[in-house]
file protein_33.cif (mmCIF, C-alpha atoms)
data_model
#
loop_
_atom_site.label_atom_id
_atom_site.label_comp_id
_atom_site.auth_asym_id
_atom_site.auth_seq_id
_atom_site.Cartn_x
_atom_site.Cartn_y
_atom_site.Cartn_z
CA MET M 7 22.94 16.52 -4.87
CA THR M 8 23.47 14.16 -1.95
CA LEU M 9 20.80 11.64 -1.07
CA THR M 10 21.08 9.38 1.96
CA LEU M 11 19.27 6.06 1.95
CA HIS M 12 18.38 4.60 5.35
CA ASN M 13 17.65 0.97 4.62
CA PHE M 14 18.27 -2.74 5.14
CA PHE M 15 19.62 -5.08 2.49
CA ARG M 16 16.86 -7.70 2.85
CA SER M 17 13.92 -5.27 3.12
CA SER M 18 11.90 -5.51 -0.08
CA THR M 19 10.63 -1.93 0.22
CA SER M 20 14.32 -0.93 0.35
CA THR M 21 15.07 -3.06 -2.72
CA ARG M 22 12.32 -1.30 -4.68
CA LEU M 23 13.71 2.08 -3.84
CA ARG M 24 17.34 1.14 -4.49
CA ALA M 25 16.39 -0.07 -7.98
CA ALA M 26 14.46 3.15 -8.63
CA LEU M 27 17.44 5.28 -7.57
CA ASN M 28 19.72 3.18 -9.77
CA LEU M 29 17.39 3.45 -12.78
CA LYS M 30 17.29 7.22 -12.36
CA GLY M 31 21.10 7.24 -12.18
CA LEU M 32 21.11 8.88 -8.74
CA ASP M 33 23.97 8.33 -6.31
CA TYR M 34 23.20 7.90 -2.64
CA ASP M 35 24.94 7.29 0.64
CA TYR M 36 23.97 3.86 1.95
CA VAL M 37 23.19 3.66 5.67
CA PRO M 38 22.33 0.11 6.80
CA TYR M 39 20.10 -0.82 9.76
CA VAL M 40 19.74 -4.26 11.29
CA LEU M 41 16.01 -4.66 11.90
CA ARG M 42 16.25 -7.65 14.26
CA ARG M 43 18.69 -5.72 16.44
CA GLY M 44 16.18 -2.86 16.78
CA ASP M 45 18.27 -0.31 14.89
CA THR M 46 15.11 1.42 13.63
CA ARG M 47 13.55 1.61 17.11
CA THR M 48 16.25 3.81 18.66
CA PRO M 49 15.29 7.34 19.83
CA GLU M 50 17.54 8.77 17.10
CA TYR M 51 15.88 6.82 14.31
CA LEU M 52 12.36 7.42 15.64
CA ALA M 53 13.07 11.16 15.78
CA MET M 54 13.79 10.98 12.06
CA ASN M 55 11.02 8.53 11.14
CA PRO M 56 8.40 7.97 13.88
CA ALA M 57 7.13 4.87 12.08
CA GLY M 58 10.44 3.10 12.78
CA LEU M 59 10.46 1.59 9.30
CA VAL M 60 12.85 1.47 6.37
CA PRO M 61 13.42 2.82 3.85
CA ALA M 62 13.70 6.54 4.51
CA LEU M 63 15.35 8.85 2.03
CA GLU M 64 17.07 11.98 3.23
CA GLY M 65 17.10 14.76 0.69
CA PRO M 66 19.91 17.23 0.11
CA ASP M 67 18.27 19.76 2.48
CA GLY M 68 17.80 17.16 5.24
CA THR M 69 14.13 16.52 4.44
CA ILE M 70 13.15 13.00 5.43
CA MET M 71 10.90 11.10 3.05
CA THR M 72 9.19 7.84 4.00
CA GLN M 73 7.13 5.10 2.35
CA SER M 74 8.86 3.64 -0.70
CA LEU M 75 6.05 4.26 -3.19
CA ALA M 76 5.67 7.89 -2.12
CA ILE M 77 9.42 8.38 -2.48
CA ILE M 78 9.44 6.77 -5.93
CA GLU M 79 6.66 9.17 -7.05
CA TRP M 80 8.83 12.02 -5.74
CA LEU M 81 11.80 10.71 -7.73
CA GLU M 82 9.59 10.49 -10.81
CA GLU M 83 8.47 14.11 -10.39
CA ASN M 84 11.96 15.48 -9.75
CA HIS M 85 14.03 13.22 -12.00
CA PRO M 86 11.63 12.30 -14.80
CA GLU M 87 14.11 10.38 -16.97
CA PRO M 88 13.92 7.49 -17.48
CA ALA M 89 10.18 7.41 -16.76
CA LEU M 90 8.86 4.82 -14.32
CA LEU M 91 5.22 5.54 -15.20
CA PRO M 92 3.58 5.56 -18.64
CA THR M 93 2.68 8.87 -20.26
CA ASP M 94 -1.04 8.05 -20.54
CA SER M 95 -3.37 8.13 -17.56
CA ASP M 96 -4.93 4.73 -18.38
CA GLY M 97 -1.45 3.23 -18.42
CA ARG M 98 -0.56 4.92 -15.14
CA VAL M 99 -3.61 3.59 -13.31
CA ARG M 100 -2.74 0.09 -14.50
CA VAL M 101 0.93 0.31 -13.45
CA ARG M 102 0.12 1.85 -10.07
CA ALA M 103 -2.50 -0.86 -9.46
CA LEU M 104 -0.04 -3.65 -10.27
CA ALA M 105 2.51 -2.05 -7.92
CA LEU M 106 -0.08 -1.61 -5.16
CA MET M 107 -1.21 -5.22 -5.46
CA ILE M 108 2.24 -6.17 -4.23
CA ALA M 109 2.70 -3.22 -1.88
CA CYS M 110 -0.70 -3.61 -0.19
CA GLU M 111 -1.69 -7.26 -0.56
CA VAL M 112 1.57 -9.18 -0.20
CA HIS M 113 4.39 -7.31 1.46
CA PRO M 114 2.58 -5.94 4.57
CA LEU M 115 1.46 -9.42 5.56
CA ASN M 116 4.87 -10.98 5.21
CA ASN M 117 7.30 -8.62 6.81
CA LEU M 118 9.41 -9.34 9.83
CA ARG M 119 7.27 -7.75 12.51
CA VAL M 120 4.18 -9.64 11.35
CA LEU M 121 5.98 -12.99 11.38
CA ALA M 122 7.26 -12.13 14.86
CA TYR M 123 3.70 -11.43 16.06
CA LEU M 124 2.51 -14.77 14.67
CA ALA M 125 5.34 -16.57 16.46
CA ASP M 126 4.91 -14.73 19.76
CA CYS M 127 1.12 -14.63 20.03
CA PHE M 128 -0.03 -17.64 18.03
CA GLY M 129 3.00 -19.90 18.49
CA ALA M 130 3.55 -20.06 14.73
CA ASP M 131 6.64 -22.16 14.06
CA GLU M 132 8.77 -21.97 10.90
CA ALA M 133 6.36 -24.28 9.00
CA ALA M 134 3.28 -22.26 9.98
CA GLN M 135 5.06 -19.01 9.07
CA LYS M 136 5.98 -20.46 5.70
CA GLU M 137 2.37 -21.51 5.08
CA TRP M 138 1.14 -18.01 5.97
CA PHE M 139 3.79 -16.28 3.82
CA THR M 140 3.21 -18.60 0.88
CA HIS M 141 -0.57 -18.19 1.09
CA TRP M 142 -0.42 -14.41 0.63
CA VAL M 143 2.20 -14.59 -2.11
CA GLU M 144 0.18 -17.19 -4.04
CA THR M 145 -3.12 -15.35 -3.60
CA THR M 146 -1.79 -12.19 -5.19
CA PHE M 147 0.71 -13.68 -7.63
CA GLU M 148 -2.03 -15.83 -9.21
CA ALA M 149 -4.13 -12.72 -9.80
CA LEU M 150 -1.07 -10.79 -10.97
CA GLU M 151 -0.16 -13.53 -13.45
CA LYS M 152 -3.71 -13.42 -14.90
CA MET M 153 -3.65 -9.64 -15.16
CA LEU M 154 -0.22 -9.64 -16.82
CA SER M 155 -0.78 -12.58 -19.19
CA SER M 156 -4.22 -11.42 -20.39
CA ASP M 157 -3.38 -7.79 -21.14
CA PRO M 158 -1.76 -6.80 -24.44
CA ARG M 159 -0.07 -3.88 -22.69
CA THR M 160 2.26 -6.33 -20.95
CA GLY M 161 5.49 -6.44 -22.91
CA VAL M 162 9.03 -7.39 -22.07
CA PHE M 163 8.15 -5.94 -18.67
CA CYS M 164 4.91 -5.44 -16.71
CA HIS M 165 3.83 -2.58 -18.96
CA GLY M 166 5.52 -2.25 -22.31
CA ASP M 167 9.17 -2.74 -23.02
CA GLU M 168 10.75 -0.44 -20.46
CA PRO M 169 10.94 -1.27 -16.74
CA GLY M 170 8.76 0.81 -14.44
CA LEU M 171 7.06 1.11 -11.07
CA ALA M 172 5.30 -2.27 -11.20
CA ASP M 173 8.56 -4.00 -12.14
CA LEU M 174 10.30 -2.45 -9.12
CA CYS M 175 7.73 -3.99 -6.79
CA LEU M 176 7.67 -7.32 -8.60
CA TYR M 177 11.44 -7.66 -8.61
CA ALA M 178 11.72 -6.87 -4.90
CA GLN M 179 8.87 -9.21 -3.96
CA VAL M 180 10.35 -12.15 -5.88
CA TRP M 181 13.57 -11.68 -3.92
CA ASN M 182 11.53 -11.46 -0.70
CA ASN M 183 9.77 -14.72 -1.59
CA ARG M 184 13.08 -16.55 -1.38
CA ARG M 185 12.92 -16.12 2.41
CA PHE M 186 10.64 -19.17 2.23
CA ASP M 187 12.06 -20.65 -0.95
CA ILE M 188 9.05 -19.70 -3.10
CA ARG M 189 10.03 -19.85 -6.78
CA THR M 190 8.28 -18.16 -9.70
CA SER M 191 8.05 -21.17 -12.02
CA ALA M 192 4.29 -21.51 -11.37
CA TRP M 193 3.70 -18.07 -12.91
CA PRO M 194 5.30 -17.98 -16.37
CA THR M 195 4.80 -14.28 -17.11
CA ILE M 196 6.12 -13.20 -13.71
CA ASP M 197 8.98 -15.65 -14.10
CA ARG M 198 9.89 -14.30 -17.53
CA ILE M 199 9.75 -10.66 -16.40
CA PHE M 200 11.76 -11.31 -13.24
CA LYS M 201 14.52 -13.09 -15.15
CA ARG M 202 14.76 -10.23 -17.63
CA LEU M 203 14.83 -7.62 -14.85
CA ASP M 204 17.56 -9.55 -13.10
CA GLN M 205 19.81 -8.98 -16.12
CA ILE M 206 19.55 -5.20 -15.80
CA PRO M 207 22.39 -3.72 -13.71
CA ALA M 208 20.08 -1.14 -12.01
CA PHE M 209 17.96 -4.01 -10.66
CA ARG M 210 20.76 -6.51 -10.08
CA ASP M 211 22.77 -3.93 -8.14
CA ALA M 212 19.72 -3.32 -5.90
CA ALA M 213 19.21 -7.01 -5.07
CA PRO M 214 19.67 -8.00 -1.41
CA PRO M 215 22.82 -10.12 -1.79
CA ASN M 216 24.63 -7.27 -3.53
CA GLN M 217 24.36 -4.78 -0.66
CA PRO M 218 27.21 -3.85 1.68
CA ASP M 219 25.32 -5.12 4.76
CA ALA M 220 24.43 -8.51 3.23
CA ALA M 221 25.54 -11.33 5.48
CA MET C 23 -19.82 10.26 -18.03
CA THR C 24 -20.97 7.12 -16.26
CA LEU C 25 -18.78 5.53 -13.62
CA THR C 26 -19.71 2.28 -11.92
CA LEU C 27 -18.38 1.56 -8.47
CA HIS C 28 -18.09 -2.10 -7.49
CA ASN C 29 -17.79 -2.02 -3.72
CA PHE C 30 -18.96 -2.99 -0.25
CA PHE C 31 -20.29 -0.54 2.32
CA ARG C 32 -17.97 -1.64 5.15
CA SER C 33 -14.77 -1.96 3.07
CA SER C 34 -12.46 0.87 4.05
CA THR C 35 -10.75 0.94 0.64
CA SER C 36 -14.26 1.44 -0.79
CA THR C 37 -14.94 4.24 1.72
CA ARG C 38 -11.77 6.05 0.62
CA LEU C 39 -12.77 5.91 -2.99
CA ARG C 40 -16.40 6.91 -2.39
CA ALA C 41 -15.23 10.01 -0.52
CA ALA C 42 -12.81 10.86 -3.36
CA LEU C 43 -15.58 10.53 -5.96
CA ASN C 44 -17.85 12.69 -3.80
CA LEU C 45 -15.19 15.36 -3.32
CA LYS C 46 -14.64 15.49 -7.07
CA GLY C 47 -18.39 15.83 -7.56
CA LEU C 48 -18.57 12.70 -9.72
CA ASP C 49 -21.75 10.62 -9.92
CA TYR C 50 -21.48 6.86 -9.99
CA ASP C 51 -23.63 3.79 -10.10
CA TYR C 52 -23.29 1.87 -6.86
CA VAL C 53 -22.98 -1.91 -7.17
CA PRO C 54 -22.76 -3.65 -3.79
CA TYR C 55 -21.03 -6.98 -3.08
CA VAL C 56 -21.32 -9.04 0.08
CA LEU C 57 -17.75 -10.19 0.80
CA ARG C 58 -18.67 -12.90 3.31
CA ARG C 59 -21.06 -14.43 0.78
CA GLY C 60 -18.25 -14.69 -1.77
CA ASP C 61 -19.74 -12.17 -4.21
CA THR C 62 -16.26 -11.12 -5.34
CA ARG C 63 -15.10 -14.71 -5.89
CA THR C 64 -17.64 -15.56 -8.63
CA PRO C 65 -16.35 -16.30 -12.17
CA GLU C 66 -18.06 -13.11 -13.39
CA TYR C 67 -16.36 -10.90 -10.82
CA LEU C 68 -12.97 -12.59 -11.23
CA ALA C 69 -13.18 -12.08 -15.00
CA MET C 70 -13.50 -8.36 -14.29
CA ASN C 71 -10.98 -8.20 -11.44
CA PRO C 72 -8.79 -11.32 -11.03
CA ALA C 73 -7.76 -10.19 -7.56
CA GLY C 74 -11.33 -10.66 -6.31
CA LEU C 75 -11.16 -7.47 -4.27
CA VAL C 76 -13.18 -4.31 -3.94
CA PRO C 77 -13.29 -1.56 -4.93
CA ALA C 78 -13.12 -1.63 -8.71
CA LEU C 79 -14.15 1.37 -10.77
CA GLU C 80 -15.56 0.87 -14.24
CA GLY C 81 -14.94 3.79 -16.53
CA PRO C 82 -17.30 5.07 -19.21
CA ASP C 83 -15.62 2.89 -21.87
CA GLY C 84 -15.82 -0.24 -19.71
CA THR C 85 -12.20 -0.04 -18.53
CA ILE C 86 -11.82 -1.66 -15.12
CA MET C 87 -9.58 0.09 -12.63
CA THR C 88 -8.45 -1.55 -9.40
CA GLN C 89 -6.60 -0.60 -6.21
CA SER C 90 -8.15 2.41 -4.48
CA LEU C 91 -5.01 4.56 -4.36
CA ALA C 92 -4.27 3.98 -8.05
CA ILE C 93 -7.87 4.92 -8.91
CA ILE C 94 -7.69 8.07 -6.76
CA GLU C 95 -4.51 9.14 -8.60
CA TRP C 96 -6.43 8.56 -11.87
CA LEU C 97 -9.29 10.72 -10.61
CA GLU C 98 -6.79 13.41 -9.63
CA GLU C 99 -5.25 13.37 -13.13
CA ASN C 100 -8.57 13.41 -14.97
CA HIS C 101 -10.65 15.57 -12.64
CA PRO C 102 -8.08 17.85 -11.01
CA GLU C 103 -10.53 20.04 -9.06
CA PRO C 104 -10.68 20.09 -6.11
CA ALA C 105 -7.09 18.88 -5.73
CA LEU C 106 -6.43 15.91 -3.43
CA LEU C 107 -2.65 16.41 -3.58
CA PRO C 108 -0.63 19.57 -2.85
CA THR C 109 0.88 21.51 -5.73
CA ASP C 110 4.46 21.16 -4.44
CA SER C 111 6.43 17.95 -4.76
CA ASP C 112 7.59 18.04 -1.11
CA GLY C 113 3.97 18.32 -0.02
CA ARG C 114 2.95 15.48 -2.31
CA VAL C 115 5.57 13.07 -0.96
CA ARG C 116 4.37 13.85 2.57
CA VAL C 117 0.68 13.35 1.76
CA ARG C 118 1.29 10.16 -0.21
CA ALA C 119 3.44 8.80 2.65
CA LEU C 120 0.72 9.52 5.24
CA ALA C 121 -1.83 7.80 3.01
CA LEU C 122 0.46 4.80 2.41
CA MET C 123 1.11 4.42 6.14
CA ILE C 124 -2.55 3.55 6.48
CA ALA C 125 -2.87 1.74 3.15
CA CYS C 126 0.23 -0.44 3.65
CA GLU C 127 0.76 -0.74 7.41
CA VAL C 128 -2.76 -0.94 8.85
CA HIS C 129 -5.47 -1.91 6.42
CA PRO C 130 -3.86 -5.00 4.78
CA LEU C 131 -3.35 -6.63 8.18
CA ASN C 132 -6.87 -6.06 9.37
CA ASN C 133 -9.13 -6.95 6.52
CA LEU C 134 -11.66 -9.73 6.50
CA ARG C 135 -9.64 -12.40 4.74
CA VAL C 136 -6.72 -11.97 7.13
CA LEU C 137 -8.93 -12.24 10.21
CA ALA C 138 -10.49 -15.36 8.65
CA TYR C 139 -7.03 -16.91 8.19
CA LEU C 140 -6.15 -16.18 11.84
CA ALA C 141 -9.38 -17.82 12.98
CA ASP C 142 -9.09 -20.85 10.69
CA CYS C 143 -5.37 -21.62 10.99
CA PHE C 144 -4.41 -20.24 14.40
CA GLY C 145 -7.76 -20.62 16.19
CA ALA C 146 -7.89 -16.87 16.88
CA ASP C 147 -11.13 -16.11 18.71
CA GLU C 148 -12.83 -12.70 18.78
CA ALA C 149 -10.55 -11.49 21.62
CA ALA C 150 -7.36 -12.58 19.84
CA GLN C 151 -8.57 -10.98 16.61
CA LYS C 152 -9.30 -7.76 18.46
CA GLU C 153 -5.81 -7.80 19.98
CA TRP C 154 -4.23 -8.30 16.55
CA PHE C 155 -6.36 -5.62 14.90
CA THR C 156 -5.76 -3.14 17.72
CA HIS C 157 -2.01 -3.80 17.72
CA TRP C 158 -1.59 -2.77 14.08
CA VAL C 159 -3.88 0.24 14.40
CA GLU C 160 -2.02 1.48 17.48
CA THR C 161 1.42 0.87 15.99
CA THR C 162 0.73 3.07 12.99
CA PHE C 163 -1.66 5.58 14.57
CA GLU C 164 0.93 6.45 17.24
CA ALA C 165 3.48 7.20 14.52
CA LEU C 166 0.87 9.04 12.48
CA GLU C 167 -0.11 11.18 15.46
CA LYS C 168 3.55 12.14 16.00
CA MET C 169 4.04 12.96 12.32
CA LEU C 170 0.87 15.05 12.19
CA SER C 171 1.28 16.87 15.50
CA SER C 172 4.96 17.76 14.97
CA ASP C 173 4.70 19.13 11.44
CA PRO C 174 3.63 22.73 10.81
CA ARG C 175 2.15 21.68 7.47
CA THR C 176 -0.66 19.90 9.32
CA GLY C 177 -3.63 22.24 9.37
CA VAL C 178 -7.34 21.75 9.78
CA PHE C 179 -6.68 18.53 7.90
CA CYS C 180 -3.64 16.24 7.47
CA HIS C 181 -1.94 18.72 5.14
CA GLY C 182 -3.16 22.30 5.18
CA ASP C 183 -6.75 23.39 5.35
CA GLU C 184 -8.28 21.42 2.51
CA PRO C 185 -9.01 17.69 2.70
CA GLY C 186 -6.85 15.44 0.54
CA LEU C 187 -5.52 11.96 -0.11
CA ALA C 188 -4.24 11.35 3.43
CA ASP C 189 -7.57 12.45 4.89
CA LEU C 190 -9.41 9.96 2.69
CA CYS C 191 -7.36 7.11 4.11
CA LEU C 192 -7.53 8.39 7.68
CA TYR C 193 -11.30 8.86 7.58
CA ALA C 194 -11.89 5.36 6.18
CA GLN C 195 -9.52 3.71 8.65
CA VAL C 196 -11.15 5.37 11.67
CA TRP C 197 -14.49 3.95 10.52
CA ASN C 198 -12.83 0.56 10.03
CA ASN C 199 -11.40 0.72 13.57
CA ARG C 200 -14.94 0.68 14.95
CA ARG C 201 -15.17 -2.97 13.94
CA PHE C 202 -13.31 -3.55 17.21
CA ASP C 203 -14.52 -0.45 19.02
CA ILE C 204 -11.20 1.40 18.77
CA ARG C 205 -11.76 5.10 19.39
CA THR C 206 -9.47 7.97 18.40
CA SER C 207 -9.39 9.78 21.77
CA ALA C 208 -5.80 8.59 22.44
CA TRP C 209 -4.59 10.52 19.37
CA PRO C 210 -5.74 14.14 19.66
CA THR C 211 -4.68 15.34 16.21
CA ILE C 212 -6.21 12.33 14.45
CA ASP C 213 -9.33 12.74 16.59
CA ARG C 214 -9.65 16.42 15.71
CA ILE C 215 -9.13 15.81 11.98
CA PHE C 216 -11.58 12.91 11.87
CA LYS C 217 -14.31 14.89 13.61
CA ARG C 218 -13.89 17.77 11.19
CA LEU C 219 -13.92 15.43 8.17
CA ASP C 220 -17.06 13.81 9.47
CA GLN C 221 -18.85 17.15 9.14
CA ILE C 222 -18.12 17.35 5.40
CA PRO C 223 -20.94 15.90 3.29
CA ALA C 224 -18.54 14.30 0.76
CA PHE C 225 -17.00 12.27 3.59
CA ARG C 226 -20.14 11.71 5.62
CA ASP C 227 -22.00 10.46 2.54
CA ALA C 228 -19.16 7.96 1.95
CA ALA C 229 -19.27 6.52 5.48
CA PRO C 230 -20.27 2.86 5.80
CA PRO C 231 -23.62 3.35 7.58
CA ASN C 232 -24.82 5.71 4.87
CA GLN C 233 -24.55 3.23 1.99
CA PRO C 234 -27.49 1.45 0.37
CA ASP C 235 -26.16 -2.00 1.33
CA ALA C 236 -25.56 -1.11 5.02
CA ALA C 237 -27.32 -3.61 7.26
#
call {"tool": "encode", "arguments": {"input": "protein_33.cif", "output": "structure tokens"}}
result
Amino acid sequence: MTLTLHNFFRSSTSTRLRAALNLKGLDYDYVPYVLRRGDTRTPEYLAMNPAGLVPALEGPDGTIMTQSLAIIEWLEENHPEPALLPTDSDGRVRVRALALMIACEVHPLNNLRVLAYLADCFGADEAAQKEWFTHWVETTFEALEKMLSSDPRTGVFCHGDEPGLADLCLYAQVWNNRRFDIRTSAWPTIDRIFKRLDQIPAFRDAAPPNQPDAA
Amino acid sequence: MTLTLHNFFRSSTSTRLRAALNLKGLDYDYVPYVLRRGDTRTPEYLAMNPAGLVPALEGPDGTIMTQSLAIIEWLEENHPEPALLPTDSDGRVRVRALALMIACEVHPLNNLRVLAYLADCFGADEAAQKEWFTHWVETTFEALEKMLSSDPRTGVFCHGDEPGLADLCLYAQVWNNRRFDIRTSAWPTIDRIFKRLDQIPAFRDAAPPNQPDAA
């Protein structure tokens, strides 16, 4: 089965998906796009994905899948081992919620096109962009740290002792945070989980600096 | 079974979840919170949900569930009829992606706390806030319109002829858009689907003006 991953090394939604593909042991062709150059706004790319976003995963039959979390659920359904979601429904709602806290409350506010809007329309300089970025990371990471540290279901990873969907989002977001030099030392549970994830080849191989298009 | 919904009438993530509960035919106790008054930032609320966000759904055993899309997946697993996701995996990845386009690319940028930040830190007045809000709605709704209008799987609703997860997000976002008087006439497929959804009691009863805490 051939999968083609349309993505960008620094995109945290791409990082999530790369780590998921690696965990599932799935090979894929890597097609890089330079966001700042407008590679995802060309007529060819927009014909494939009208949202003009990465990542997109092209299935063996040419089907285009978009939105990293939707694609990861598809991977989970079609390649169930190793599992990225717990077997119990109460565990799954927790893991999906932890993942969505990052996917909905942090990442959308801090991506490139949003920072560009702040610069263009509100004159936000590098310092103001950093303040904005840091604010949304801190707001959610403080809540995330409380939810992880206070719940006995947190183990070596966000939920138990095997990495899963929430860990994919956490790992990618911590890498994204480095854009503005935000470190995880203020959040001991997050810090501990990230460091452990970073030792796992499936995660490490998905990290931005280890991609073919990394500067 | 008693479910308790912690929510706010105008919150679009709350609207999504109310419509899902209604479609599943599940009763719930309605607990309203006034976001501007800080009702979700009290020690009591933060002890329940450290993120300080609505909605949260309290299960019969007191379990607190957060993040609307995670809760809707939980509802789908525990109360499968009527289904909110297609039976085929390729259909599910499409529906989840359409839902996430709204949940990740529109809503997070346009909620109350983000508009407050723009006002406080960048001096964004009502006109600048409207421009920001409209920009993110238009960016995603244009892509959404293309994806819906070009795909034969779009039916009476976003996917086929029964309402599902993507319709929940679309319906709630169109209501949210009215905050800045954005109408759907520019997007004929979205407009048609919204109008049809608005005739369904489960959706209509979930709409902001029909809640007990509506002004």
call {"tool": "interface_residues", "arguments": {"input": "protein_33.cif", "of": "chain M", "to": "chain C", "cutoff": "9 Å", "atoms": "only C-alpha atoms", "output": "NGL selection string"}}
result
:M and (52 or 55-58 or 69 or 71-80 or 83-84 or 95-96 or 98-104 or 106-107 or 109-115 or 120 or 123-124 or 127-130 or 134 or 138 or 145-146 or 148-150 or 152-153)
call {"tool": "write_last_selection", "arguments": {"input": "protein_33.cif", "atoms": "C-alpha atoms", "output": "PDB file, keeping the file's coordinate frame"}}
result
ATOM      1  CA  LEU M  52      12.360   7.420  15.640  1.00  0.00           C
ATOM      2  CA  ASN M  55      11.020   8.530  11.140  1.00  0.00           C
ATOM      3  CA  PRO M  56       8.400   7.970  13.880  1.00  0.00           C
ATOM      4  CA  ALA M  57       7.130   4.870  12.080  1.00  0.00           C
ATOM      5  CA  GLY M  58      10.440   3.100  12.780  1.00  0.00           C
ATOM      6  CA  THR M  69      14.130  16.520   4.440  1.00  0.00           C
ATOM      7  CA  MET M  71      10.900  11.100   3.050  1.00  0.00           C
ATOM      8  CA  THR M  72       9.190   7.840   4.000  1.00  0.00           C
ATOM      9  CA  GLN M  73       7.130   5.100   2.350  1.00  0.00           C
ATOM     10  CA  SER M  74       8.860   3.640  -0.700  1.00  0.00           C
ATOM     11  CA  LEU M  75       6.050   4.260  -3.190  1.00  0.00           C
ATOM     12  CA  ALA M  76       5.670   7.890  -2.120  1.00  0.00           C
ATOM     13  CA  ILE M  77       9.420   8.380  -2.480  1.00  0.00           C
ATOM     14  CA  ILE M  78       9.440   6.770  -5.930  1.00  0.00           C
ATOM     15  CA  GLU M  79       6.660   9.170  -7.050  1.00  0.00           C
ATOM     16  CA  TRP M  80       8.830  12.020  -5.740  1.00  0.00           C
ATOM     17  CA  GLU M  83       8.470  14.110 -10.390  1.00  0.00           C
ATOM     18  CA  ASN M  84      11.960  15.480  -9.750  1.00  0.00           C
ATOM     19  CA  SER M  95      -3.370   8.130 -17.560  1.00  0.00           C
ATOM     20  CA  ASP M  96      -4.930   4.730 -18.380  1.00  0.00           C
ATOM     21  CA  ARG M  98      -0.560   4.920 -15.140  1.00  0.00           C
ATOM     22  CA  VAL M  99      -3.610   3.590 -13.310  1.00  0.00           C
ATOM     23  CA  ARG M 100      -2.740   0.090 -14.500  1.00  0.00           C
ATOM     24  CA  VAL M 101       0.930   0.310 -13.450  1.00  0.00           C
ATOM     25  CA  ARG M 102       0.120   1.850 -10.070  1.00  0.00           C
ATOM     26  CA  ALA M 103      -2.500  -0.860  -9.460  1.00  0.00           C
ATOM     27  CA  LEU M 104      -0.040  -3.650 -10.270  1.00  0.00           C
ATOM     28  CA  LEU M 106      -0.080  -1.610  -5.160  1.00  0.00           C
ATOM     29  CA  MET M 107      -1.210  -5.220  -5.460  1.00  0.00           C
ATOM     30  CA  ALA M 109       2.700  -3.220  -1.880  1.00  0.00           C
ATOM     31  CA  CYS M 110      -0.700  -3.610  -0.190  1.00  0.00           C
ATOM     32  CA  GLU M 111      -1.690  -7.260  -0.560  1.00  0.00           C
ATOM     33  CA  VAL M 112       1.570  -9.180  -0.200  1.00  0.00           C
ATOM     34  CA  HIS M 113       4.390  -7.310   1.460  1.00  0.00           C
ATOM     35  CA  PRO M 114       2.580  -5.940   4.570  1.00  0.00           C
ATOM     36  CA  LEU M 115       1.460  -9.420   5.560  1.00  0.00           C
ATOM     37  CA  VAL M 120       4.180  -9.640  11.350  1.00  0.00           C
ATOM     38  CA  TYR M 123       3.700 -11.430  16.060  1.00  0.00           C
ATOM     39  CA  LEU M 124       2.510 -14.770  14.670  1.00  0.00           C
ATOM     40  CA  CYS M 127       1.120 -14.630  20.030  1.00  0.00           C
ATOM     41  CA  PHE M 128      -0.030 -17.640  18.030  1.00  0.00           C
ATOM     42  CA  GLY M 129       3.000 -19.900  18.490  1.00  0.00           C
ATOM     43  CA  ALA M 130       3.550 -20.060  14.730  1.00  0.00           C
ATOM     44  CA  ALA M 134       3.280 -22.260   9.980  1.00  0.00           C
ATOM     45  CA  TRP M 138       1.140 -18.010   5.970  1.00  0.00           C
ATOM     46  CA  THR M 145      -3.120 -15.350  -3.600  1.00  0.00           C
ATOM     47  CA  THR M 146      -1.790 -12.190  -5.190  1.00  0.00           C
ATOM     48  CA  GLU M 148      -2.030 -15.830  -9.210  1.00  0.00           C
ATOM     49  CA  ALA M 149      -4.130 -12.720  -9.800  1.00  0.00           C
ATOM     50  CA  LEU M 150      -1.070 -10.790 -10.970  1.00  0.00           C
ATOM     51  CA  LYS M 152      -3.710 -13.420 -14.900  1.00  0.00           C
ATOM     52  CA  MET M 153      -3.650  -9.640 -15.160  1.00  0.00           C
TER      53      MET M 153
END
call {"tool": "atom_distance", "arguments": {"input": "protein_33.cif", "atom1": "atom CA of Asp227 of chain C", "atom2": "atom CA of Ser34 of chain C"}}
result
13.6 Å
call {"tool": "resolve_selection", "arguments": {"input": "protein_33.cif", "expression": "the PyMOL selection byres ((chain M and resi 215) around 12)", "output": "mmCIF file with C-alpha atoms, in the frame of the given file"}}
result
data_model
loop_
_atom_site.group_PDB
_atom_site.id
_atom_site.type_symbol
_atom_site.label_atom_id
_atom_site.label_comp_id
_atom_site.auth_asym_id
_atom_site.auth_seq_id
_atom_site.Cartn_x
_atom_site.Cartn_y
_atom_site.Cartn_z
ATOM 1 C CA PHE M 14 18.270 -2.740 5.140
ATOM 2 C CA PHE M 15 19.620 -5.080 2.490
ATOM 3 C CA ARG M 16 16.860 -7.700 2.850
ATOM 4 C CA SER M 17 13.920 -5.270 3.120
ATOM 5 C CA SER M 18 11.900 -5.510 -0.080
ATOM 6 C CA THR M 21 15.070 -3.060 -2.720
ATOM 7 C CA ALA M 178 11.720 -6.870 -4.900
ATOM 8 C CA TRP M 181 13.570 -11.680 -3.920
ATOM 9 C CA ASN M 182 11.530 -11.460 -0.700
ATOM 10 C CA ARG M 184 13.080 -16.550 -1.380
ATOM 11 C CA PHE M 209 17.960 -4.010 -10.660
ATOM 12 C CA ARG M 210 20.760 -6.510 -10.080
ATOM 13 C CA ASP M 211 22.770 -3.930 -8.140
ATOM 14 C CA ALA M 212 19.720 -3.320 -5.900
ATOM 15 C CA ALA M 213 19.210 -7.010 -5.070
ATOM 16 C CA PRO M 214 19.670 -8.000 -1.410
ATOM 17 C CA ASN M 216 24.630 -7.270 -3.530
ATOM 18 C CA GLN M 217 24.360 -4.780 -0.660
ATOM 19 C CA PRO M 218 27.210 -3.850 1.680
ATOM 20 C CA ASP M 219 25.320 -5.120 4.760
ATOM 21 C CA ALA M 220 24.430 -8.510 3.230
ATOM 22 C CA ALA M 221 25.540 -11.330 5.480
#
